[in-house]
>>> print(open('data.cif').read())   # mmCIF, C-alpha atoms
data_query
#
loop_
_atom_site.label_atom_id
_atom_site.label_comp_id
_atom_site.auth_asym_id
_atom_site.auth_seq_id
_atom_site.Cartn_x
_atom_site.Cartn_y
_atom_site.Cartn_z
CA MET Z 1 -10.38 11.33 -8.74
CA ALA Z 2 -11.35 8.64 -6.25
CA VAL Z 3 -12.79 5.15 -5.90
CA THR Z 4 -15.78 4.53 -3.64
CA LEU Z 5 -15.01 1.72 -1.20
CA SER Z 6 -17.51 -0.91 -0.08
CA SER Z 7 -17.63 0.98 3.23
CA GLY Z 8 -19.04 3.99 1.38
CA PHE Z 9 -15.97 6.19 1.82
CA LYS Z 10 -13.95 7.56 -1.09
CA MET Z 11 -10.25 6.78 -1.53
CA PRO Z 12 -8.17 8.98 -3.89
CA LEU Z 13 -6.78 7.09 -6.88
CA VAL Z 14 -3.22 8.33 -6.37
CA GLY Z 15 -1.53 8.33 -3.00
CA PHE Z 16 1.93 9.00 -1.65
CA GLY Z 17 3.56 5.89 -0.17
CA VAL Z 18 6.06 6.60 2.60
CA TRP Z 19 7.84 3.22 2.76
CA ARG Z 20 11.61 3.69 3.03
CA VAL Z 21 11.30 7.47 3.14
CA GLU Z 22 13.73 8.77 5.75
CA GLY Z 23 12.34 10.60 8.76
CA LYS Z 24 14.44 13.68 8.05
CA ASP Z 25 12.93 13.98 4.56
CA ILE Z 26 9.36 12.99 5.31
CA LYS Z 27 8.07 16.26 6.76
CA ASP Z 28 9.00 18.36 3.74
CA LEU Z 29 7.81 15.65 1.34
CA VAL Z 30 4.38 15.36 3.00
CA ILE Z 31 3.89 19.13 3.01
CA ASN Z 32 5.01 19.40 -0.62
CA ALA Z 33 2.78 16.48 -1.59
CA ILE Z 34 -0.24 18.23 -0.09
CA LYS Z 35 0.66 21.41 -1.97
CA ILE Z 36 0.93 19.41 -5.22
CA GLY Z 37 -2.54 17.97 -4.63
CA TYR Z 38 -2.02 14.61 -2.93
CA ARG Z 39 -4.80 13.79 -0.47
CA HIS Z 40 -4.01 10.12 0.13
CA PHE Z 41 -1.06 9.02 2.27
CA ASP Z 42 -0.08 5.39 2.75
CA CYS Z 43 1.75 4.64 5.99
CA ALA Z 44 2.54 1.60 8.14
CA ALA Z 45 3.75 0.96 11.66
CA ASP Z 46 6.59 -1.06 10.14
CA TYR Z 47 7.86 1.90 8.12
CA LYS Z 48 8.98 3.42 11.42
CA ASN Z 49 8.18 6.98 10.36
CA GLU Z 50 4.60 7.46 11.62
CA THR Z 51 5.84 10.01 14.18
CA GLU Z 52 7.41 12.18 11.48
CA VAL Z 53 4.36 11.83 9.23
CA GLY Z 54 2.18 12.83 12.19
CA GLU Z 55 4.27 15.95 12.82
CA ALA Z 56 3.96 16.92 9.17
CA LEU Z 57 0.19 16.38 9.16
CA ALA Z 58 -0.24 18.34 12.40
CA GLY Z 59 1.70 21.21 10.86
CA ALA Z 60 -0.45 21.10 7.73
CA PHE Z 61 -3.65 21.19 9.78
CA GLN Z 62 -2.44 23.96 12.10
CA SER Z 63 -1.30 26.17 9.22
CA GLY Z 64 -4.61 25.78 7.42
CA LEU Z 65 -2.94 24.13 4.42
CA VAL Z 66 -5.52 21.35 4.54
CA LYS Z 67 -8.27 20.01 6.82
CA ARG Z 68 -8.25 16.54 8.34
CA GLU Z 69 -11.44 15.56 6.53
CA ASP Z 70 -9.77 16.37 3.18
CA LEU Z 71 -7.12 13.67 3.67
CA PHE Z 72 -7.26 9.89 3.40
CA ILE Z 73 -4.74 8.31 5.78
CA THR Z 74 -3.91 4.61 5.70
CA THR Z 75 -1.68 2.72 8.09
CA LYS Z 76 -1.14 -0.96 8.81
CA LEU Z 77 -1.09 -3.53 11.61
CA TRP Z 78 2.28 -5.26 11.83
CA ASN Z 79 2.64 -9.05 12.05
CA SER Z 80 3.84 -9.03 15.66
CA ASP Z 81 0.72 -7.17 16.85
CA HIS Z 82 -2.02 -9.52 15.59
CA GLY Z 83 -2.86 -10.32 19.21
CA HIS Z 84 -2.86 -6.63 20.17
CA VAL Z 85 -4.88 -4.97 17.41
CA PHE Z 86 -6.58 -2.29 19.52
CA GLU Z 87 -3.35 -1.27 21.25
CA ALA Z 88 -1.43 -1.22 17.96
CA CYS Z 89 -4.06 0.96 16.29
CA LYS Z 90 -4.05 3.38 19.23
CA ASP Z 91 -0.25 3.52 19.07
CA SER Z 92 -0.36 4.42 15.36
CA LEU Z 93 -3.05 7.04 15.96
CA LYS Z 94 -0.94 8.61 18.72
CA LYS Z 95 2.15 8.74 16.50
CA LEU Z 96 0.18 10.11 13.54
CA GLN Z 97 -1.58 12.62 15.86
CA LEU Z 98 -4.98 11.58 14.51
CA ASP Z 99 -8.37 10.78 16.07
CA TYR Z 100 -9.27 8.23 13.41
CA LEU Z 101 -7.82 6.37 10.43
CA ASP Z 102 -9.45 6.32 7.03
CA LEU Z 103 -8.12 2.83 6.39
CA TYR Z 104 -6.36 0.26 8.58
CA LEU Z 105 -4.86 -2.81 6.91
CA VAL Z 106 -3.58 -6.17 8.08
CA HIS Z 107 -0.06 -5.73 6.65
CA PHE Z 108 0.66 -9.44 6.04
CA PRO Z 109 -1.54 -12.52 6.53
CA VAL Z 110 0.71 -13.93 9.24
CA ALA Z 111 0.94 -13.47 13.01
CA THR Z 112 4.44 -13.49 14.44
CA LYS Z 113 5.94 -13.45 17.92
CA HIS Z 114 4.82 -10.37 19.85
CA THR Z 115 7.74 -8.06 20.62
CA GLY Z 116 5.90 -5.12 22.21
CA VAL Z 117 3.16 -2.92 20.77
CA GLY Z 118 4.40 -0.78 17.91
CA THR Z 119 7.93 -2.17 17.94
CA THR Z 120 7.28 -3.94 14.61
CA ASP Z 121 10.13 -6.38 15.07
CA SER Z 122 10.37 -9.64 13.13
CA ALA Z 123 11.72 -12.05 15.74
CA LEU Z 124 13.82 -14.90 14.33
CA ASP Z 125 14.51 -18.26 15.95
CA GLU Z 126 17.98 -19.74 16.52
CA ASP Z 127 18.04 -20.91 12.89
CA GLY Z 128 17.30 -17.40 11.61
CA VAL Z 129 13.71 -18.27 10.67
CA LEU Z 130 10.73 -16.01 11.38
CA GLU Z 131 8.95 -16.89 14.65
CA ILE Z 132 5.39 -17.47 13.39
CA ASP Z 133 2.61 -17.48 16.02
CA THR Z 134 0.31 -20.42 15.29
CA THR Z 135 -2.14 -19.57 18.09
CA ILE Z 136 -3.77 -16.53 16.43
CA SER Z 137 -5.97 -17.11 13.40
CA LEU Z 138 -6.54 -14.49 10.72
CA GLU Z 139 -10.24 -14.61 11.62
CA THR Z 140 -9.39 -13.67 15.21
CA THR Z 141 -7.30 -10.76 13.94
CA TRP Z 142 -10.15 -9.67 11.67
CA ARG Z 143 -12.68 -9.68 14.52
CA ALA Z 144 -10.42 -7.24 16.36
CA MET Z 145 -10.15 -5.12 13.19
CA GLU Z 146 -13.95 -5.02 12.99
CA ASP Z 147 -14.10 -3.80 16.60
CA LEU Z 148 -12.01 -0.78 15.59
CA VAL Z 149 -14.75 0.25 13.16
CA SER Z 150 -17.48 -0.05 15.81
CA LYS Z 151 -15.33 1.97 18.22
CA GLY Z 152 -14.97 4.78 15.66
CA LEU Z 153 -11.18 4.54 15.50
CA VAL Z 154 -11.17 3.42 11.87
CA ARG Z 155 -13.54 4.17 8.99
CA SER Z 156 -12.57 1.29 6.70
CA ILE Z 157 -10.58 -1.88 7.23
CA GLY Z 158 -8.74 -4.01 4.74
CA ILE Z 159 -6.11 -6.59 4.00
CA SER Z 160 -2.69 -6.54 2.38
CA ASN Z 161 -0.63 -9.17 0.57
CA TYR Z 162 -3.57 -11.63 0.61
CA ASP Z 163 -3.95 -14.09 -2.26
CA ILE Z 164 -7.28 -15.31 -3.70
CA PHE Z 165 -7.66 -18.11 -1.13
CA LEU Z 166 -7.10 -15.85 1.88
CA THR Z 167 -9.23 -13.04 0.43
CA ARG Z 168 -12.08 -15.51 -0.18
CA ASP Z 169 -11.79 -16.73 3.41
CA CYS Z 170 -11.89 -13.17 4.76
CA LEU Z 171 -14.99 -12.42 2.69
CA ALA Z 172 -16.63 -15.56 4.11
CA TYR Z 173 -15.97 -14.94 7.82
CA SER Z 174 -16.16 -11.14 7.89
CA LYS Z 175 -19.07 -9.10 9.22
CA VAL Z 176 -17.38 -5.92 8.01
CA LYS Z 177 -16.04 -6.77 4.56
CA PRO Z 178 -12.46 -5.89 3.64
CA ALA Z 179 -12.69 -2.63 1.69
CA VAL Z 180 -9.21 -2.95 0.17
CA ASN Z 181 -6.55 -5.52 -0.63
CA GLN Z 182 -3.19 -3.80 -1.00
CA ILE Z 183 -0.90 -5.95 -3.14
CA GLU Z 184 2.23 -5.68 -5.23
CA THR Z 185 1.16 -5.24 -8.85
CA HIS Z 186 2.87 -3.57 -11.80
CA PRO Z 187 3.52 -4.41 -15.49
CA TYR Z 188 6.02 -7.16 -14.61
CA PHE Z 189 3.72 -8.64 -11.89
CA GLN Z 190 0.17 -8.01 -13.04
CA ARG Z 191 -1.75 -10.64 -11.04
CA ASP Z 192 -4.77 -10.26 -13.24
CA SER Z 193 -6.73 -13.11 -11.64
CA LEU Z 194 -6.32 -11.71 -8.12
CA VAL Z 195 -7.18 -8.16 -9.23
CA LYS Z 196 -10.31 -9.31 -11.06
CA PHE Z 197 -11.41 -11.57 -8.19
CA CYS Z 198 -11.14 -8.76 -5.67
CA LEU Z 199 -12.91 -6.19 -7.83
CA LYS Z 200 -15.70 -8.68 -8.63
CA HIS Z 201 -16.33 -9.13 -4.92
CA GLY Z 202 -16.24 -5.45 -3.95
CA VAL Z 203 -12.67 -5.36 -2.64
CA SER Z 204 -10.78 -2.41 -4.09
CA ILE Z 205 -7.15 -2.95 -5.07
CA THR Z 206 -4.34 -0.66 -4.00
CA ALA Z 207 -1.12 -1.30 -5.89
CA HIS Z 208 1.89 -1.04 -3.64
CA THR Z 209 5.18 -1.07 -5.53
CA PRO Z 210 3.20 0.21 -8.59
CA LEU Z 211 6.45 1.11 -10.38
CA GLY Z 212 8.03 -2.27 -9.72
CA GLY Z 213 10.14 -1.06 -6.84
CA ALA Z 214 12.74 0.57 -9.09
CA ALA Z 215 16.10 1.27 -7.42
CA ALA Z 216 14.87 0.59 -3.87
CA ASN Z 217 13.86 -3.02 -4.52
CA THR Z 218 16.80 -3.65 -6.82
CA GLU Z 219 19.05 -2.62 -3.92
CA TRP Z 220 17.26 -4.75 -1.29
CA PHE Z 221 15.98 -7.70 -3.28
CA GLY Z 222 18.00 -7.74 -6.52
CA SER Z 223 14.83 -7.37 -8.57
CA VAL Z 224 14.40 -6.14 -12.14
CA SER Z 225 12.60 -2.82 -12.71
CA CYS Z 226 9.95 -2.42 -15.39
CA LEU Z 227 10.95 1.25 -15.70
CA ASP Z 228 13.83 0.13 -17.93
CA ASP Z 229 11.56 -1.82 -20.30
CA PRO Z 230 11.97 -0.75 -23.96
CA VAL Z 231 8.23 -1.07 -24.68
CA LEU Z 232 7.37 1.23 -21.80
CA LYS Z 233 10.10 3.65 -22.84
CA GLY Z 234 8.59 3.67 -26.33
CA LEU Z 235 5.15 4.48 -24.96
CA ALA Z 236 6.63 7.25 -22.82
CA ALA Z 237 8.09 8.81 -25.96
CA LYS Z 238 4.78 8.38 -27.82
CA TYR Z 239 2.75 10.14 -25.10
CA LYS Z 240 5.54 12.59 -24.19
CA ARG Z 241 5.45 11.35 -20.60
CA THR Z 242 7.85 9.69 -18.18
CA VAL Z 243 7.90 5.91 -18.01
CA ALA Z 244 6.61 6.15 -14.44
CA GLN Z 245 3.62 8.20 -15.61
CA ILE Z 246 2.80 5.56 -18.24
CA VAL Z 247 2.97 2.78 -15.64
CA LEU Z 248 0.85 4.69 -13.11
CA ARG Z 249 -1.73 5.56 -15.78
CA TRP Z 250 -1.90 1.88 -16.73
CA GLY Z 251 -2.56 1.04 -13.08
CA ILE Z 252 -5.37 3.57 -12.84
CA GLN Z 253 -6.98 2.40 -16.08
CA ARG Z 254 -7.10 -1.19 -14.80
CA ASN Z 255 -9.10 0.15 -11.83
CA THR Z 256 -6.39 0.00 -9.19
CA VAL Z 257 -5.34 2.73 -6.78
CA VAL Z 258 -1.62 3.54 -7.02
CA ILE Z 259 0.66 4.70 -4.20
CA PRO Z 260 4.11 5.44 -5.66
CA LYS Z 261 6.91 6.39 -3.31
CA THR Z 262 9.73 8.82 -3.98
CA SER Z 263 12.02 11.14 -2.07
CA ASN Z 264 12.53 13.30 -5.17
CA LEU Z 265 10.35 16.43 -5.39
CA LYS Z 266 10.34 16.48 -9.19
CA ARG Z 267 9.17 12.87 -9.37
CA LEU Z 268 6.63 13.56 -6.62
CA GLU Z 269 5.07 16.13 -8.95
CA GLU Z 270 5.33 13.92 -12.03
CA ASN Z 271 3.71 10.95 -10.30
CA PHE Z 272 0.60 13.04 -9.63
CA GLN Z 273 0.30 14.30 -13.22
CA VAL Z 274 -1.52 11.25 -14.58
CA PHE Z 275 -5.08 12.48 -14.99
CA ASP Z 276 -4.74 14.54 -18.20
CA PHE Z 277 -4.07 11.72 -20.67
CA GLU Z 278 -5.36 8.23 -21.42
CA LEU Z 279 -3.72 5.12 -22.84
CA THR Z 280 -5.41 3.53 -25.85
CA LYS Z 281 -6.80 -0.01 -25.62
CA GLU Z 282 -4.01 -1.14 -27.94
CA ASP Z 283 -1.36 0.30 -25.64
CA MET Z 284 -3.06 -1.17 -22.56
CA ASP Z 285 -2.96 -4.56 -24.31
CA GLN Z 286 0.69 -4.04 -25.20
CA ILE Z 287 1.53 -3.45 -21.53
CA LYS Z 288 -0.53 -6.50 -20.59
CA SER Z 289 1.80 -8.63 -22.72
CA LEU Z 290 4.80 -7.57 -20.59
CA ASP Z 291 3.83 -9.62 -17.53
CA ARG Z 292 6.76 -11.67 -16.20
CA LYS Z 293 5.10 -12.79 -12.95
CA HIS Z 294 8.08 -11.10 -11.31
CA ARG Z 295 7.59 -10.27 -7.64
CA THR Z 296 10.05 -7.59 -6.55
CA ASN Z 297 9.11 -7.26 -2.86
CA THR Z 298 10.41 -10.44 -1.20
CA PRO Z 299 10.69 -9.95 2.59
CA GLY Z 300 11.50 -13.65 2.99
CA LYS Z 301 15.08 -12.57 2.32
CA PHE Z 302 15.10 -11.13 5.84
CA TRP Z 303 12.76 -13.68 7.46
CA GLY Z 304 14.57 -16.90 6.55
CA ILE Z 305 11.34 -18.30 5.11
CA ASP Z 306 9.49 -17.81 1.82
CA LEU Z 307 5.89 -17.15 2.84
CA TYR Z 308 4.83 -17.13 -0.82
CA ALA Z 309 6.12 -20.66 -1.49
#
>>> encode(input="data.cif", output="structure tokens")
Amino acid sequence: MAVTLSSGFKMPLVGFGVWRVEGKDIKDLVINAIKIGYRHFDCAADYKNETEVGEALAGAFQSGLVKREDLFITTKLWNSDHGHVFEACKDSLKKLQLDYLDLYLVHFPVATKHTGVGTTDSALDEDGVLEIDTTISLETTWRAMEDLVSKGLVRSIGISNYDIFLTRDCLAYSKVKPAVNQIETHPYFQRDSLVKFCLKHGVSITAHTPLGGAAANTEWFGSVSCLDDPVLKGLAAKYKRTVAQIVLRWGIQRNTVVIPKTSNLKRLEENFQVFDFELTKEDMDQIKSLDRKHRTNTPGKFWGIDLYA
């Protein structure tokens, strides 16, 4: 099951997100994910585990477990490398041991102080506030992203954490349109207007944090997880599924791609088992009523500035 991007390439509807997955665990998880059936892997320079993912992928290719052309690999340009897009992409390709990326995303719509290619640092000033680079426009960054496509390093390019205003701007100035906008969206943060705007204009939506972050974001950001919601628990009982499976199925049925993360093998399997049932319209509407406009991923906690304000 896949969505066809505006670039013409197909992106699998369910991927494995490797944010906050430890390097020591990642190799086994990637191999097991491939064995389960995952063909879409969502990475980022900032996750600091591209090297381990690359070793796992190389092993999978060498053993004949899977071919490169069978996989869809995404990674992302970090904020501090907006002025060094080509070099940053090459650095990610080297770490991932790949000749090309299926999708390369601008991780956040902000350029920050350069700290060295691939270092993915977030430099803070003396007041503990993120050092934002005001000399590099998002259009300049996008032109460099487009060059990666013409050079054959990247098949599709996209954006991440862009709102309607910034997405509209990107559509206006782009020669190569953004194929994807990867955003936080889940039952407690549905962002229906942004999702509909993007889909209307040919920008596919990938839902990062599709389960609301669960324990990981509660630990880092003090957020509330939708996995504990009584309505969702009731639907899980009705369909004889896990709450996570209900939430992921909801995401798929609203035409978004979902990339859940887990370090648990059992949940890795469960998260992929979402294609053999369907939620009724009534149950989709019931989940729609749960929206709290509750963002769980709030990096401003570490940056000393709320970029969403």
>>> residues_around(input="data.cif", residues="range 131-147 of chain Z", least_positions_apart="6", cutoff="12 Å", atoms="only C-alpha atoms", output="number ranges by chain")
Z: 76-89, 103-115, 121-125, 153-159, 162, 166-179, 303-305, 307
>>> residues_around(input="data.cif", residues="Asp306 in chain Z", least_positions_apart="5", cutoff="10 Å", atoms="all atoms listed in the file", output="list in words")
Val129, Leu130, Thr298, Pro299, Gly300 and Lys301 of chain Z
>>> write_last_selection(input="data.cif", atoms="C-alpha atoms", output="PDB file, in the frame of the given file")
ATOM      1  CA  VAL Z 129      13.710 -18.270  10.670  1.00  0.00           C
ATOM      2  CA  LEU Z 130      10.730 -16.010  11.380  1.00  0.00           C
ATOM      3  CA  THR Z 298      10.410 -10.440  -1.200  1.00  0.00           C
ATOM      4  CA  PRO Z 299      10.690  -9.950   2.590  1.00  0.00           C
ATOM      5  CA  GLY Z 300      11.500 -13.650   2.990  1.00  0.00           C
ATOM      6  CA  LYS Z 301      15.080 -12.570   2.320  1.00  0.00           C
TER       7      LYS Z 301
END
>>> resolve_selection(input="data.cif", expression="the PyMOL selection byres ((chain Z and resi 261-271) around 7)", output="PyMOL selection string")
chain Z and resi 16-19+21+33+36+244-245+259-260+272-274
>>> atom_distance(input="data.cif", atom1="CA of Asp276 in chain Z", atom2="CA of Tyr239 in chain Z")
11.1 Å
>>> residues_near_point(input="data.cif", point="(-5.7, 7.3, -3.8)", cutoff="10 Å", atoms="all atoms listed in the file", output="PyMOL selection string")
chain Z and resi 1-3+10-16+38-42+71-73+206-207+252+256-259
>>> atom_distance(input="data.cif", atom1="CA of Leu235 in chain Z", atom2="CA of Gly212 in chain Z")
16.9 Å
>>> atom_distance(input="data.cif", atom1="CA of Val203 in chain Z", atom2="CA of Arg254 in chain Z")
14.0 Å
>>> residues_near_point(input="data.cif", point="(-2.1, -2.4, -11.8)", cutoff="12 Å", atoms="only C-alpha atoms", output="ChimeraX atom specification")
/Z:13,182-196,204-212,246-260,284,287-288,291
>>> axis_aligned_box(input="data.cif", around="range 176-193 of chain Z", padding_each_side="3 Å", output="AutoDock Vina command-line options")
--center_x -5.7 --center_y -7.9 --center_z -3.7 --size_x 29.4 --size_y 16.5 --size_z 29.5
>>> closest_residue(input="data.cif", among="Z:Lys240, Z:Val53, Z:Gly8, Z:Cys43", to="Asp28 in chain Z", atoms="all atoms listed in the file")
Z:Val53
>>> residues_around(input="data.cif", residues="Leu98 in chain Z", least_positions_apart="6", cutoff="10 Å", atoms="all atoms listed in the file", output="PyMOL selection string")
chain Z and resi 54+57-58+68+73+90+92+153
>>> closest_residue(input="data.cif", among="Z:Lys35, Z:Lys24, Z:Arg292, Z:Lys95", to="Val224 in chain Z", atoms="all atoms listed in the file")
Z:Arg292
>>> closest_residue(input="data.cif", among="Z:Ala45, Z:Ala309, Z:Leu290, Z:Ile31", to="Lys94 in chain Z", atoms="only C-alpha atoms")
Z:Ala45
>>> resolve_selection(input="data.cif", expression="the PyMOL selection byres ((chain Z and resi 55) around 10)", output="VMD selection string")
chain Z and resid 26 to 27 30 50 to 54 56 to 61 95 to 97
>>> write_last_selection(input="data.cif", atoms="C-alpha atoms", output="compact mmCIF listing (two decimals), keeping the file's coordinate frame")
# COMPACT_ATOMS: atom_id res chain seq x y z
CA ILE Z 26 9.36 12.99 5.31
CA LYS Z 27 8.07 16.26 6.76
CA VAL Z 30 4.38 15.36 3.00
CA GLU Z 50 4.60 7.46 11.62
CA THR Z 51 5.84 10.01 14.18
CA GLU Z 52 7.41 12.18 11.48
CA VAL Z 53 4.36 11.83 9.23
CA GLY Z 54 2.18 12.83 12.19
CA ALA Z 56 3.96 16.92 9.17
CA LEU Z 57 0.19 16.38 9.16
CA ALA Z 58 -0.24 18.34 12.40
CA GLY Z 59 1.70 21.21 10.86
CA ALA Z 60 -0.45 21.10 7.73
CA PHE Z 61 -3.65 21.19 9.78
CA LYS Z 95 2.15 8.74 16.50
CA LEU Z 96 0.18 10.11 13.54
CA GLN Z 97 -1.58 12.62 15.86
